[in-house]
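Visitor: start_3.cif (mmCIF, C-alpha atoms) pasted underneath:
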```cif
data_model
#
loop_
_atom_site.label_atom_id
_atom_site.label_comp_id
_atom_site.auth_asym_id
_atom_site.auth_seq_id
_atom_site.Cartn_x
_atom_site.Cartn_y
_atom_site.Cartn_z
CA ASP M 1 -19.57 -4.04 -11.89
CA GLN M 2 -23.09 -2.92 -12.80
CA LYS M 3 -21.87 -0.02 -14.93
CA TYR M 4 -19.34 -2.26 -16.65
CA LEU M 5 -21.90 -5.01 -17.33
CA GLU M 6 -24.29 -2.46 -18.83
CA LYS M 7 -21.55 -1.55 -21.32
CA VAL M 8 -20.82 -5.23 -21.99
CA MET M 9 -24.47 -6.06 -22.64
CA ALA M 10 -24.84 -3.07 -24.96
CA HIS M 11 -22.60 -5.00 -27.37
CA ALA M 12 -25.05 -7.90 -27.68
CA ILE M 13 -26.37 -7.84 -31.25
CA ASN M 14 -29.17 -10.42 -31.38
CA LYS M 15 -30.54 -11.52 -28.00
CA GLU M 16 -33.56 -12.98 -29.79
CA CYS M 17 -31.50 -15.79 -31.31
CA VAL M 18 -30.18 -16.62 -27.80
CA LYS M 19 -33.72 -16.75 -26.49
CA LYS M 20 -34.71 -19.19 -29.23
CA ALA M 21 -31.65 -21.40 -28.76
CA ALA M 22 -31.54 -21.23 -24.95
CA GLU M 23 -33.52 -24.40 -24.19
CA ASP M 24 -30.95 -26.78 -25.67
CA LEU M 25 -27.72 -24.78 -26.06
CA ARG M 26 -25.25 -25.98 -23.42
CA ILE M 27 -22.02 -24.16 -22.59
CA VAL M 28 -19.20 -25.13 -20.21
CA TYR M 29 -17.06 -22.33 -18.76
CA THR M 30 -13.77 -22.25 -16.87
CA PRO M 31 -11.91 -19.18 -15.52
CA PHE M 32 -8.82 -21.34 -14.74
CA HIS M 33 -8.95 -20.16 -11.09
CA GLY M 34 -8.89 -16.53 -12.24
CA ALA M 35 -10.81 -13.27 -12.32
CA GLY M 36 -13.37 -14.31 -14.92
CA TYR M 37 -15.21 -16.48 -12.37
CA ARG M 38 -17.56 -13.65 -11.45
CA LEU M 39 -18.39 -11.51 -14.48
CA VAL M 40 -18.23 -13.99 -17.37
CA PRO M 41 -21.04 -16.22 -16.01
CA GLU M 42 -23.05 -13.12 -15.12
CA ALA M 43 -22.69 -11.69 -18.63
CA LEU M 44 -23.76 -15.01 -20.17
CA ARG M 45 -26.79 -15.25 -17.88
CA ARG M 46 -27.80 -11.67 -18.74
CA LEU M 47 -27.49 -12.58 -22.39
CA GLY M 48 -30.04 -15.32 -21.83
CA ILE M 49 -27.92 -18.48 -21.64
CA LYS M 50 -29.92 -20.93 -19.52
CA HIS M 51 -27.65 -23.97 -19.47
CA LEU M 52 -24.24 -22.73 -18.31
CA PHE M 53 -21.97 -25.22 -16.55
CA PRO M 54 -18.93 -23.66 -14.82
CA VAL M 55 -16.14 -26.12 -13.95
CA PRO M 56 -16.51 -26.23 -10.13
CA GLU M 57 -12.88 -27.12 -9.32
CA GLN M 58 -11.65 -24.09 -11.32
CA MET M 59 -14.21 -21.54 -10.11
CA VAL M 60 -12.02 -21.07 -7.02
CA LEU M 61 -9.63 -18.10 -7.07
CA ASP M 62 -6.14 -19.52 -6.57
CA GLY M 63 -2.90 -18.02 -7.87
CA ASP M 64 -1.21 -21.42 -7.66
CA PHE M 65 -3.59 -22.76 -10.34
CA PRO M 66 -3.66 -26.20 -8.70
CA THR M 67 -5.61 -28.09 -11.40
CA VAL M 68 -3.51 -27.13 -14.45
CA LYS M 69 0.14 -27.03 -15.49
CA SER M 70 -0.58 -23.74 -17.24
CA PRO M 71 -3.76 -21.62 -16.98
CA ASN M 72 -3.24 -20.38 -20.55
CA PRO M 73 -6.33 -20.84 -22.79
CA GLU M 74 -4.00 -21.24 -25.78
CA TYR M 75 -3.13 -24.75 -24.56
CA PRO M 76 -5.90 -27.33 -25.12
CA GLU M 77 -4.46 -29.73 -22.50
CA GLY M 78 -5.53 -27.26 -19.78
CA PHE M 79 -9.18 -27.85 -20.73
CA TYR M 80 -9.24 -31.49 -19.58
CA LEU M 81 -11.66 -30.88 -16.68
CA ALA M 82 -13.87 -28.72 -18.91
CA VAL M 83 -13.95 -31.46 -21.57
CA GLU M 84 -14.93 -34.06 -18.94
CA LEU M 85 -17.81 -31.84 -17.83
CA ALA M 86 -18.81 -31.03 -21.43
CA ARG M 87 -19.12 -34.75 -22.19
CA LYS M 88 -21.31 -35.26 -19.13
CA VAL M 89 -23.71 -32.44 -19.96
CA ASP M 90 -23.46 -32.75 -23.78
CA ALA M 91 -22.25 -29.17 -24.28
CA SER M 92 -21.48 -27.91 -27.78
CA LEU M 93 -19.11 -25.16 -26.61
CA ILE M 94 -16.41 -24.71 -23.96
CA ILE M 95 -15.16 -21.22 -23.08
CA GLY M 96 -11.99 -20.68 -21.04
CA THR M 97 -10.63 -17.30 -19.90
CA ASP M 98 -7.10 -16.66 -18.67
CA PRO M 99 -6.36 -15.66 -15.05
CA ASP M 100 -6.78 -11.89 -15.56
CA SER M 101 -9.74 -12.49 -17.87
CA ASP M 102 -8.54 -10.51 -20.87
CA ARG M 103 -7.91 -13.44 -23.25
CA LEU M 104 -10.07 -16.42 -24.05
CA GLY M 105 -9.89 -19.75 -25.85
CA ILE M 106 -12.64 -22.12 -26.88
CA MET M 107 -13.15 -25.78 -27.66
CA VAL M 108 -16.10 -26.91 -29.76
CA LYS M 109 -17.89 -30.18 -30.33
CA LYS M 110 -16.91 -32.14 -33.42
CA GLY M 111 -18.77 -35.44 -33.60
CA GLU M 112 -18.25 -37.10 -30.24
CA ASP M 113 -15.08 -35.17 -29.46
CA TYR M 114 -14.03 -31.60 -28.65
CA VAL M 115 -11.48 -29.71 -30.74
CA SER M 116 -9.54 -26.51 -30.14
CA ILE M 117 -10.20 -23.36 -32.12
CA THR M 118 -7.09 -21.18 -32.52
CA GLY M 119 -6.89 -17.46 -31.79
CA ASN M 120 -6.86 -16.69 -35.51
CA GLN M 121 -9.86 -18.94 -36.15
CA LEU M 122 -11.98 -17.50 -33.34
CA GLY M 123 -11.06 -14.04 -34.56
CA VAL M 124 -12.39 -14.66 -38.07
CA LEU M 125 -15.51 -16.34 -36.68
CA LEU M 126 -16.24 -13.33 -34.45
CA MET M 127 -15.36 -10.81 -37.15
CA ASP M 128 -17.65 -12.40 -39.75
CA TYR M 129 -20.45 -12.82 -37.19
CA ILE M 130 -20.28 -9.25 -35.86
CA ILE M 131 -20.24 -7.71 -39.35
CA ASN M 132 -23.11 -9.79 -40.71
CA ALA M 133 -25.24 -9.78 -37.54
CA ARG M 134 -24.94 -6.00 -37.35
CA LYS M 135 -25.78 -5.71 -41.04
CA ALA M 136 -28.93 -7.78 -40.42
CA ALA M 137 -29.81 -5.67 -37.36
CA GLY M 138 -29.18 -2.42 -39.22
CA THR M 139 -26.52 -1.33 -36.69
CA LEU M 140 -23.36 -1.61 -38.83
CA PRO M 141 -21.87 1.88 -39.23
CA GLU M 142 -21.23 3.00 -42.80
CA ASN M 143 -17.64 3.74 -41.83
CA ALA M 144 -17.13 0.47 -39.90
CA ALA M 145 -13.54 -0.64 -39.39
CA VAL M 146 -11.68 -3.66 -38.03
CA LEU M 147 -8.15 -3.63 -36.61
CA LYS M 148 -5.72 -6.53 -36.36
CA SER M 149 -2.02 -7.03 -35.71
CA ILE M 150 0.47 -7.56 -38.55
CA VAL M 151 0.99 -11.19 -37.48
CA THR M 152 -2.74 -12.04 -37.53
CA THR M 153 -4.31 -14.11 -40.34
CA LYS M 154 -4.90 -12.47 -43.70
CA MET M 155 -8.23 -14.29 -43.87
CA SER M 156 -9.47 -11.22 -41.99
CA ASP M 157 -8.61 -9.04 -44.98
CA LYS M 158 -10.67 -11.26 -47.28
CA ILE M 159 -13.67 -11.13 -44.93
CA ALA M 160 -13.42 -7.34 -44.62
CA ARG M 161 -13.12 -6.75 -48.38
CA THR M 162 -15.98 -9.13 -49.19
CA ASN M 163 -18.26 -7.35 -46.73
CA GLY M 164 -17.22 -3.80 -47.57
CA VAL M 165 -15.59 -3.12 -44.20
CA TYR M 166 -12.30 -1.22 -43.82
CA ILE M 167 -9.44 -3.12 -42.18
CA GLU M 168 -6.05 -1.91 -41.00
CA ASP M 169 -2.99 -3.55 -39.45
CA THR M 170 -1.19 -2.31 -36.34
CA PHE M 171 1.87 -3.55 -34.51
CA THR M 172 1.29 -6.32 -31.96
CA GLY M 173 -0.35 -5.01 -28.80
CA PHE M 174 -3.69 -3.45 -28.03
CA LYS M 175 -2.04 -0.13 -27.12
CA PHE M 176 -1.45 0.34 -30.85
CA MET M 177 -5.07 -0.51 -31.63
CA ALA M 178 -6.27 1.93 -28.95
CA GLU M 179 -4.00 4.57 -30.48
CA LYS M 180 -5.56 3.97 -33.90
CA ILE M 181 -9.10 4.16 -32.43
CA LYS M 182 -8.22 7.55 -30.89
CA GLU M 183 -6.90 8.72 -34.24
CA PHE M 184 -10.15 7.68 -35.97
CA GLU M 185 -12.18 9.40 -33.26
CA ARG M 186 -10.36 12.68 -33.79
CA SER M 187 -10.78 12.54 -37.58
CA GLY M 188 -14.27 11.02 -37.57
CA GLU M 189 -13.04 8.86 -40.43
CA LYS M 190 -13.84 5.36 -39.10
CA LYS M 191 -15.77 3.61 -36.33
CA VAL M 192 -13.93 0.55 -35.03
CA ILE M 193 -16.30 -2.34 -34.31
CA PHE M 194 -13.80 -5.12 -33.61
CA SER M 195 -10.05 -5.53 -33.00
CA TYR M 196 -8.03 -8.68 -32.41
CA GLU M 197 -4.71 -10.44 -32.56
CA GLU M 198 -3.76 -14.08 -33.01
CA SER M 199 -2.69 -14.53 -29.40
CA TYR M 200 -6.30 -15.02 -28.20
CA GLY M 201 -7.08 -11.36 -27.51
CA TYR M 202 -10.31 -9.70 -28.73
CA MET M 203 -11.73 -6.21 -28.28
CA VAL M 204 -15.35 -5.54 -29.21
CA GLY M 205 -16.14 -1.89 -29.82
CA ASP M 206 -14.01 0.71 -28.06
CA PHE M 207 -15.18 1.12 -24.46
CA VAL M 208 -12.44 -1.00 -22.86
CA ARG M 209 -9.59 -0.21 -25.28
CA ASP M 210 -7.84 -3.46 -24.43
CA LYS M 211 -8.51 -7.12 -24.97
CA ASP M 212 -11.49 -8.11 -22.85
CA ALA M 213 -12.62 -11.70 -22.33
CA VAL M 214 -15.93 -10.80 -20.65
CA THR M 215 -17.43 -8.97 -23.65
CA SER M 216 -15.82 -11.45 -26.05
CA SER M 217 -17.22 -14.47 -24.16
CA MET M 218 -20.69 -12.93 -24.30
CA LEU M 219 -20.47 -12.50 -28.08
CA VAL M 220 -19.00 -15.98 -28.57
CA ALA M 221 -22.06 -17.38 -26.74
CA GLU M 222 -24.41 -15.29 -28.89
CA MET M 223 -22.61 -16.43 -32.04
CA ALA M 224 -22.88 -20.07 -30.90
CA ALA M 225 -26.64 -19.59 -30.35
CA SER M 226 -27.04 -18.09 -33.82
CA TYR M 227 -25.31 -21.04 -35.49
CA HIS M 228 -27.10 -23.49 -33.19
CA LEU M 229 -30.40 -22.34 -34.70
CA LYS M 230 -28.99 -23.30 -38.11
CA GLY M 231 -28.06 -26.76 -36.81
CA MET M 232 -24.34 -25.89 -36.76
CA THR M 233 -21.60 -25.93 -34.13
CA LEU M 234 -18.82 -23.35 -34.26
CA TYR M 235 -16.64 -26.03 -35.87
CA ASP M 236 -19.20 -26.32 -38.68
CA ALA M 237 -19.32 -22.53 -38.89
CA LEU M 238 -15.55 -22.33 -39.33
CA GLN M 239 -15.65 -24.85 -42.18
CA SER M 240 -18.36 -22.78 -43.87
CA LEU M 241 -16.15 -19.69 -43.61
CA TYR M 242 -13.27 -21.54 -45.27
CA GLU M 243 -15.57 -22.54 -48.10
CA LYS M 244 -16.75 -18.95 -48.49
CA TYR M 245 -13.50 -17.03 -48.05
CA GLY M 246 -10.82 -19.60 -48.91
CA TYR M 247 -8.71 -21.97 -46.81
CA HIS M 248 -6.16 -20.44 -44.46
CA SER M 249 -3.92 -21.98 -41.81
CA GLU M 250 -1.45 -20.43 -39.40
CA LYS M 251 1.26 -21.60 -37.06
CA THR M 252 3.51 -19.77 -34.59
CA LEU M 253 6.90 -21.24 -33.72
CA ASN M 254 9.18 -20.25 -30.86
CA LEU M 255 12.90 -20.53 -31.57
CA VAL M 256 14.22 -20.54 -28.01
CA MET M 257 17.70 -19.07 -27.56
CA PRO M 258 18.48 -19.23 -23.82
CA GLY M 259 21.61 -18.51 -21.87
CA VAL M 260 24.25 -15.82 -22.06
CA ASP M 261 24.59 -16.20 -25.81
CA GLY M 262 20.82 -16.09 -26.44
CA LEU M 263 20.51 -12.35 -26.94
CA ARG M 264 23.60 -12.30 -29.18
CA LYS M 265 22.18 -15.14 -31.31
CA MET M 266 18.82 -13.39 -31.61
CA ARG M 267 20.45 -10.15 -32.76
CA GLY M 268 22.71 -12.08 -35.11
CA LEU M 269 19.78 -13.81 -36.78
CA MET M 270 17.83 -10.56 -37.29
CA ASP M 271 20.96 -8.80 -38.61
CA SER M 272 21.64 -11.67 -41.02
CA LEU M 273 18.07 -11.66 -42.36
CA ARG M 274 18.43 -7.94 -43.04
CA SER M 275 21.92 -7.89 -44.54
CA ASN M 276 21.59 -11.11 -46.51
CA PRO M 277 17.86 -11.85 -46.92
CA PRO M 278 16.85 -15.19 -48.50
CA LYS M 279 15.62 -15.06 -52.11
CA GLU M 280 13.56 -18.17 -51.47
CA ILE M 281 12.10 -19.84 -48.40
CA GLY M 282 11.17 -23.52 -48.36
CA GLY M 283 11.43 -23.65 -52.16
CA ALA M 284 9.13 -20.66 -52.80
CA ALA M 285 10.48 -17.39 -54.19
CA VAL M 286 10.33 -14.33 -51.95
CA LEU M 287 8.33 -11.57 -53.69
CA ARG M 288 8.51 -8.75 -51.12
CA ILE M 289 10.31 -8.07 -47.85
CA THR M 290 8.94 -5.55 -45.37
CA ASP M 291 11.39 -4.43 -42.70
CA TYR M 292 9.23 -2.77 -40.07
CA LEU M 293 12.27 -1.52 -38.14
CA ALA M 294 13.56 0.51 -41.08
CA GLY M 295 10.05 1.13 -42.44
CA THR M 296 10.82 -0.21 -45.93
CA VAL M 297 9.19 -2.55 -48.45
CA LYS M 298 11.50 -4.10 -51.04
CA ASP M 299 10.11 -5.69 -54.20
CA LEU M 300 12.57 -8.42 -55.18
CA GLY M 301 11.26 -8.54 -58.76
CA SER M 302 11.89 -4.91 -59.62
CA GLY M 303 14.39 -4.14 -56.88
CA ALA M 304 12.35 -1.06 -55.96
CA THR M 305 12.11 0.04 -52.33
CA SER M 306 9.17 2.01 -50.93
CA PRO M 307 8.16 3.14 -47.42
CA SER M 308 5.96 0.83 -45.32
CA LYS M 309 2.81 2.14 -43.60
CA LEU M 310 4.22 1.19 -40.20
CA ARG M 311 7.77 1.53 -38.88
CA GLY M 312 9.70 1.21 -35.65
CA SER M 313 9.27 -2.46 -34.65
CA ASP M 314 11.84 -5.24 -35.02
CA VAL M 315 9.85 -7.39 -37.46
CA ILE M 316 10.78 -8.78 -40.89
CA TYR M 317 7.89 -9.86 -43.12
CA PHE M 318 8.46 -12.10 -46.17
CA GLU M 319 5.69 -12.48 -48.77
CA LEU M 320 6.15 -15.64 -50.87
CA GLU M 321 5.03 -16.51 -54.39
CA ASP M 322 2.59 -19.22 -53.21
CA GLY M 323 0.64 -16.74 -51.07
CA THR M 324 2.32 -17.70 -47.79
CA ASP M 325 3.56 -15.04 -45.36
CA PHE M 326 6.64 -15.83 -43.26
CA ILE M 327 7.27 -13.38 -40.41
CA VAL M 328 10.18 -13.22 -37.97
CA ARG M 329 10.40 -11.12 -34.79
CA PRO M 330 12.24 -11.39 -31.48
CA SER M 331 10.10 -11.67 -28.37
CA GLY M 332 10.14 -8.55 -26.24
CA THR M 333 9.90 -10.49 -22.97
CA GLU M 334 11.56 -13.89 -23.45
CA PRO M 335 14.81 -15.25 -24.98
CA LYS M 336 13.21 -16.47 -28.20
CA ILE M 337 12.55 -15.57 -31.81
CA LYS M 338 8.93 -15.89 -32.89
CA VAL M 339 8.20 -17.14 -36.40
CA TYR M 340 4.69 -16.79 -37.83
CA ILE M 341 3.68 -18.88 -40.83
CA MET M 342 0.42 -17.89 -42.55
CA ALA M 343 -0.60 -20.10 -45.46
CA LYS M 344 -3.53 -20.15 -47.84
CA GLY M 345 -4.53 -22.82 -50.33
CA ASP M 346 -7.29 -24.69 -52.14
CA SER M 347 -7.96 -27.01 -49.19
CA ALA M 348 -7.15 -27.54 -45.53
CA ALA M 349 -4.69 -30.28 -46.53
CA ALA M 350 -2.88 -27.97 -48.97
CA CYS M 351 -2.51 -25.35 -46.23
CA GLU M 352 -1.16 -27.88 -43.75
CA GLU M 353 1.36 -29.14 -46.31
CA LYS M 354 2.67 -25.59 -46.72
CA ILE M 355 2.85 -25.12 -42.94
CA GLU M 356 4.97 -28.29 -42.63
CA THR M 357 7.34 -27.13 -45.37
CA TYR M 358 7.94 -23.71 -43.85
CA GLU M 359 8.16 -25.12 -40.34
CA LYS M 360 11.18 -27.19 -41.46
CA TYR M 361 12.79 -24.08 -42.88
CA ALA M 362 12.07 -22.08 -39.71
CA LYS M 363 13.86 -24.66 -37.59
CA THR M 364 17.05 -24.16 -39.65
CA LEU M 365 17.15 -20.58 -38.35
CA GLU M 366 17.89 -21.80 -34.81
CA GLY M 367 21.45 -22.45 -35.88
#
```
Just give me the structure of the file as structure tokens.

Guide:
Amino acid sequence: DQKYLEKVMAHAINKECVKKAAEDLRIVYTPFHGAGYRLVPEALRRLGIKHLFPVPEQMVLDGDFPTVKSPNPEYPEGFYLAVELARKVDASLIIGTDPDSDRLGIMVKKGEDYVSITGNQLGVLLMDYIINARKAAGTLPENAAVLKSIVTTKMSDKIARTNGVYIEDTFTGFKFMAEKIKEFERSGEKKVIFSYEESYGYMVGDFVRDKDAVTSSMLVAEMAASYHLKGMTLYDALQSLYEKYGYHSEKTLNLVMPGVDGLRKMRGLMDSLRSNPPKEIGGAAVLRITDYLAGTVKDLGSGATSPSKLRGSDVIYFELEDGTDFIVRPSGTEPKIKVYIMAKGDSAAACEEKIETYEKYAKTLEG
């Protein structure tokens, strides 16, 4: 534990801001009865967080997870005990880690209430913070790189480009990100400072080579302290990022296809999208289709086909004329097709309107 925590704490960027904010920054933490109960609070204390309030009922290791229907930090309803405690102690941030403590979700104060921050949103908050805090500290490598999965928000690309940091997509799964880190190590080409995917997994640096909620929680707390000194919550910080980099919104849908016919229906849908791809989706023209199984990119305007950078995964990626990305892939573990909608627009409302439109279209794919 000591050796691991030394590595974790080496990724703190600005302990001084935590020291300055520590007297009135209040954080609630829940491990949802899981493995984070020991090392997450310890990492936060070592960082300098003085007012940490673990949820007592959920600090008990219990594989039956008696206080929640699901111990998944993606679901805000599981945070009900944490929200009750946050209201009592006037916390500005709630951190929750999943049972094996590799993923985390947060809720942040907005007025008198607490709102969920999605995996994509926390990813862009962390990415922007790490890049700019390391720039300020003089510790950002010249060849700094960020990795993300192909189904993770393109807001990341805008942040990377704006800040002069290289970014690259991998297939979903941290094994692919670890593979890319190894490749960069061998070539000496890039130094990966942050990797993440939309499903609430974050990897800071490269010492774990998998998503790691302990290191991520520590940096979330530091980031909260930094914004706290500016009079901002992480909700305020997110709004400021939208104003700076443009409004983005994402939604993941699960088209469940159970039963004996489920697998056949899933294959049929993917085959149909390949053999007879739509020319428009939800009223917007399709500009490009990337078939990651075949490794091809087809431009519908010119009809030209070129090789994609990645190949070998059953994913079809539609780029639409209004800037929306519509991605379809079968789950590798459950009888469902996953649909990812990633919209951008001039405002939050415009993004949500696009999400609603494409959600209706996605539901027609269930058949």

Visitor: Which residue out of M:Ala91, M:Ile117, M:Leu287, M:Val28 has the minimum interatomic distance to M:Gln239 when only C-alpha atoms are used?

Guide: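 Of M:Ala91, M:Ile117, M:Leu287, M:Val28, the one nearest M:Gln239, counting only C-alpha atoms, is M:Ile117.
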
Visitor: Find the spatial neighbours of stretch 35-43 of chain M, counting all atoms listed in the file, within a cut-off of 6 Å - ignore same-chain residues fewer than 2 positions away - and output them as an MDAnalysis selection string.

Guide: chainID M and resid 31 45:46 59 99:101 214

Visitor: Which residues are near M:Tyr340? Cut-off 10 Å, all atoms listed in the file, ignore same chain within fewer than 4 positions. Put them as a ChimeraX atom specification.

Guide: /M:151-153,250-254,317,325-329,355,358-359,362

Visitor: Using the chain letters and numbers from the file, give me the residues hit by the PyMOL selection byres ((chain M and resi 120) around 7), as number ranges by chain.

Guide: M: 118-119, 121-124, 152-153, 198

Visitor: Atom CA of M:Ile13 and atom CA of M:Met127 are how many Å apart?

Guide: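 Going from atom CA of M:Ile13 over to atom CA of M:Met127 covers 12.8 Å.
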
Visitor: Apply the PyMOL selection byres ((chain M and resi 149) around 10) to the structure shown and report the selected residues as a list in words.

Guide: Leu147, Lys148, Ile150, Val151, Thr152, Thr153, Glu168, Asp169, Thr170, Phe171, Thr172, Gly173, Phe174, Phe176, Met177, Ser195, Tyr196, Glu197, Glu198 and Ser199 of chain M

Visitor: Quick one: everything within 8 Å of stretch 102-116 of chain M, counting only C-alpha atoms, minus sequence neighbours fewer than 3 positions away in the same chain. Send it as a PyMOL selection string.

Guide: chain M and resi 73-74+76+83+91-98+119+122+200-202+210-214+216-217+233-235

Visitor: Taking into account all atoms listed in the file, which residue in the set M:Tyr29, M:Val339, M:Val208, M:Ile289 is nearest to M:Thr364?

Guide: M:Val339

Visitor: Find the residue from M:Ser275, M:Thr296, M:Thr30, M:Asn143 that sits nearest to M:Ser308; use only C-alpha atoms when measuring.

Guide: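 Of all the options, M:Thr296 lies closest to M:Ser308.
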
Visitor: Using the chain letters and numbers from the file, which residues does the PyMOL selection byres ((chain M and resi 247) around 12) grab, as an mmCIF file with C-alpha atoms, in the frame of the given file?

Guide:
```
data_model
loop_
_atom_site.group_PDB
_atom_site.id
_atom_site.type_symbol
_atom_site.label_atom_id
_atom_site.label_comp_id
_atom_site.auth_asym_id
_atom_site.auth_seq_id
_atom_site.Cartn_x
_atom_site.Cartn_y
_atom_site.Cartn_z
ATOM 1 C CA GLN M 121 -9.860 -18.940 -36.150
ATOM 2 C CA VAL M 124 -12.390 -14.660 -38.070
ATOM 3 C CA THR M 153 -4.310 -14.110 -40.340
ATOM 4 C CA LYS M 154 -4.900 -12.470 -43.700
ATOM 5 C CA MET M 155 -8.230 -14.290 -43.870
ATOM 6 C CA SER M 156 -9.470 -11.220 -41.990
ATOM 7 C CA LYS M 158 -10.670 -11.260 -47.280
ATOM 8 C CA LEU M 238 -15.550 -22.330 -39.330
ATOM 9 C CA GLN M 239 -15.650 -24.850 -42.180
ATOM 10 C CA SER M 240 -18.360 -22.780 -43.870
ATOM 11 C CA LEU M 241 -16.150 -19.690 -43.610
ATOM 12 C CA TYR M 242 -13.270 -21.540 -45.270
ATOM 13 C CA GLU M 243 -15.570 -22.540 -48.100
ATOM 14 C CA LYS M 244 -16.750 -18.950 -48.490
ATOM 15 C CA TYR M 245 -13.500 -17.030 -48.050
ATOM 16 C CA GLY M 246 -10.820 -19.600 -48.910
ATOM 17 C CA HIS M 248 -6.160 -20.440 -44.460
ATOM 18 C CA SER M 249 -3.920 -21.980 -41.810
ATOM 19 C CA GLU M 250 -1.450 -20.430 -39.400
ATOM 20 C CA GLY M 323 0.640 -16.740 -51.070
ATOM 21 C CA THR M 324 2.320 -17.700 -47.790
ATOM 22 C CA MET M 342 0.420 -17.890 -42.550
ATOM 23 C CA ALA M 343 -0.600 -20.100 -45.460
ATOM 24 C CA LYS M 344 -3.530 -20.150 -47.840
ATOM 25 C CA GLY M 345 -4.530 -22.820 -50.330
ATOM 26 C CA ASP M 346 -7.290 -24.690 -52.140
ATOM 27 C CA SER M 347 -7.960 -27.010 -49.190
ATOM 28 C CA ALA M 348 -7.150 -27.540 -45.530
ATOM 29 C CA ALA M 349 -4.690 -30.280 -46.530
ATOM 30 C CA ALA M 350 -2.880 -27.970 -48.970
ATOM 31 C CA CYS M 351 -2.510 -25.350 -46.230
ATOM 32 C CA GLU M 352 -1.160 -27.880 -43.750
ATOM 33 C CA LYS M 354 2.670 -25.590 -46.720
#
```

Visitor: With 4 Å on each side, where is the centre of the axis-aligned box around all listed atoms of stretch 133-138 of chain M, and how long are its edges in Å to one decimal, as lines of an AutoDock Vina configuration file?

Guide:
```
center_x = -27.4
center_y = -6.1
center_z = -39.2
size_x = 12.9
size_y = 15.4
size_z = 11.7
```

Visitor: Just the residues within 7 Å of M:Thr290, please, counting all atoms listed in the file, with nothing from its chain fewer than 2 positions along; format it as a list in words.

Guide: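 Within the cut-off, the hits are Arg288, Tyr292, Thr296, Val297, Lys298, Ile316, Tyr317 and Phe318 of chain M.
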
Visitor: For a test of reading the model, state the distance in Å between atom CA of M:Pro330 and atom CA of M:Phe194, rounded to one decimal.

Guide: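 Atom CA of M:Pro330 sits 26.9 Å away from atom CA of M:Phe194.
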
Visitor: Just how far from atom CA of M:Tyr129 is atom CA of M:Ala10, in Å to one decimal?

Guide: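 A separation of 16.2 Å between them.
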
Visitor: List the neighbours of M:Val60 out to 8 Å using all atoms listed in the file; skip same-chain residues closer than 3 positions along the sequence, and give me the result as number ranges by chain.

Guide: M: 33-34, 37, 56-57

Visitor: Nearest to M:Tyr227: which of M:Val18, M:Arg267, M:Lys363, M:Pro71 is it, counting only C-alpha atoms?

Guide: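 Ranked by minimum distance to M:Tyr227, first place goes to M:Val18.
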
Visitor: So, with only C-alpha atoms as the atoms that count, which of M:Val220, M:Leu52, M:Ile159, M:Leu47 lies closest to M:Leu126?

Guide: M:Val220

Visitor: From the set M:Ile167, M:Leu269, M:Leu320, M:Leu44, which residue has the shortest atom-to-atom contact distance to M:Ile281, counting all atoms listed in the file?

Guide: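 That would be M:Leu320, the residue with the smallest distance to M:Ile281.
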
Visitor: Since the input lacks some atoms of stretch 293-303 of chain M, please model N, CA and C atoms and print them as a PDB file, in the coordinates of the input.

Guide:
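Below is the file rebuild14.pdb, written as the result:
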```
ATOM      1  N   LEU M 293      11.365  -2.336 -38.947  1.00  0.00           N
ATOM      2  CA  LEU M 293      12.270  -1.520 -38.140  1.00  0.00           C
ATOM      3  C   LEU M 293      12.720  -0.306 -38.955  1.00  0.00           C
ATOM      4  N   ALA M 294      13.113  -0.565 -40.192  1.00  0.00           N
ATOM      5  CA  ALA M 294      13.560   0.510 -41.080  1.00  0.00           C
ATOM      6  C   ALA M 294      12.375   1.237 -41.731  1.00  0.00           C
ATOM      7  N   GLY M 295      11.218   0.528 -41.796  1.00  0.00           N
ATOM      8  CA  GLY M 295      10.050   1.130 -42.440  1.00  0.00           C
ATOM      9  C   GLY M 295      10.139   1.065 -43.949  1.00  0.00           C
ATOM     10  N   THR M 296      10.639  -0.079 -44.472  1.00  0.00           N
ATOM     11  CA  THR M 296      10.820  -0.210 -45.930  1.00  0.00           C
ATOM     12  C   THR M 296      10.153  -1.471 -46.462  1.00  0.00           C
ATOM     13  N   VAL M 297       9.706  -1.382 -47.721  1.00  0.00           N
ATOM     14  CA  VAL M 297       9.190  -2.550 -48.450  1.00  0.00           C
ATOM     15  C   VAL M 297      10.035  -2.707 -49.698  1.00  0.00           C
ATOM     16  N   LYS M 298      10.680  -3.861 -49.849  1.00  0.00           N
ATOM     17  CA  LYS M 298      11.500  -4.100 -51.040  1.00  0.00           C
ATOM     18  C   LYS M 298      10.834  -5.130 -51.930  1.00  0.00           C
ATOM     19  N   ASP M 299      10.640  -4.772 -53.191  1.00  0.00           N
ATOM     20  CA  ASP M 299      10.110  -5.690 -54.200  1.00  0.00           C
ATOM     21  C   ASP M 299      11.293  -6.385 -54.861  1.00  0.00           C
ATOM     22  N   LEU M 300      11.400  -7.713 -54.664  1.00  0.00           N
ATOM     23  CA  LEU M 300      12.570  -8.420 -55.180  1.00  0.00           C
ATOM     24  C   LEU M 300      12.541  -8.566 -56.700  1.00  0.00           C
ATOM     25  N   GLY M 301      11.353  -8.458 -57.296  1.00  0.00           N
ATOM     26  CA  GLY M 301      11.260  -8.540 -58.760  1.00  0.00           C
ATOM     27  C   GLY M 301      11.864  -7.329 -59.430  1.00  0.00           C
ATOM     28  N   SER M 302      11.425  -6.150 -58.997  1.00  0.00           N
ATOM     29  CA  SER M 302      11.890  -4.910 -59.620  1.00  0.00           C
ATOM     30  C   SER M 302      13.097  -4.303 -58.916  1.00  0.00           C
ATOM     31  N   GLY M 303      13.317  -4.717 -57.662  1.00  0.00           N
ATOM     32  CA  GLY M 303      14.390  -4.140 -56.880  1.00  0.00           C
ATOM     33  C   GLY M 303      14.029  -2.810 -56.241  1.00  0.00           C
TER      34      GLY M 303
END
```
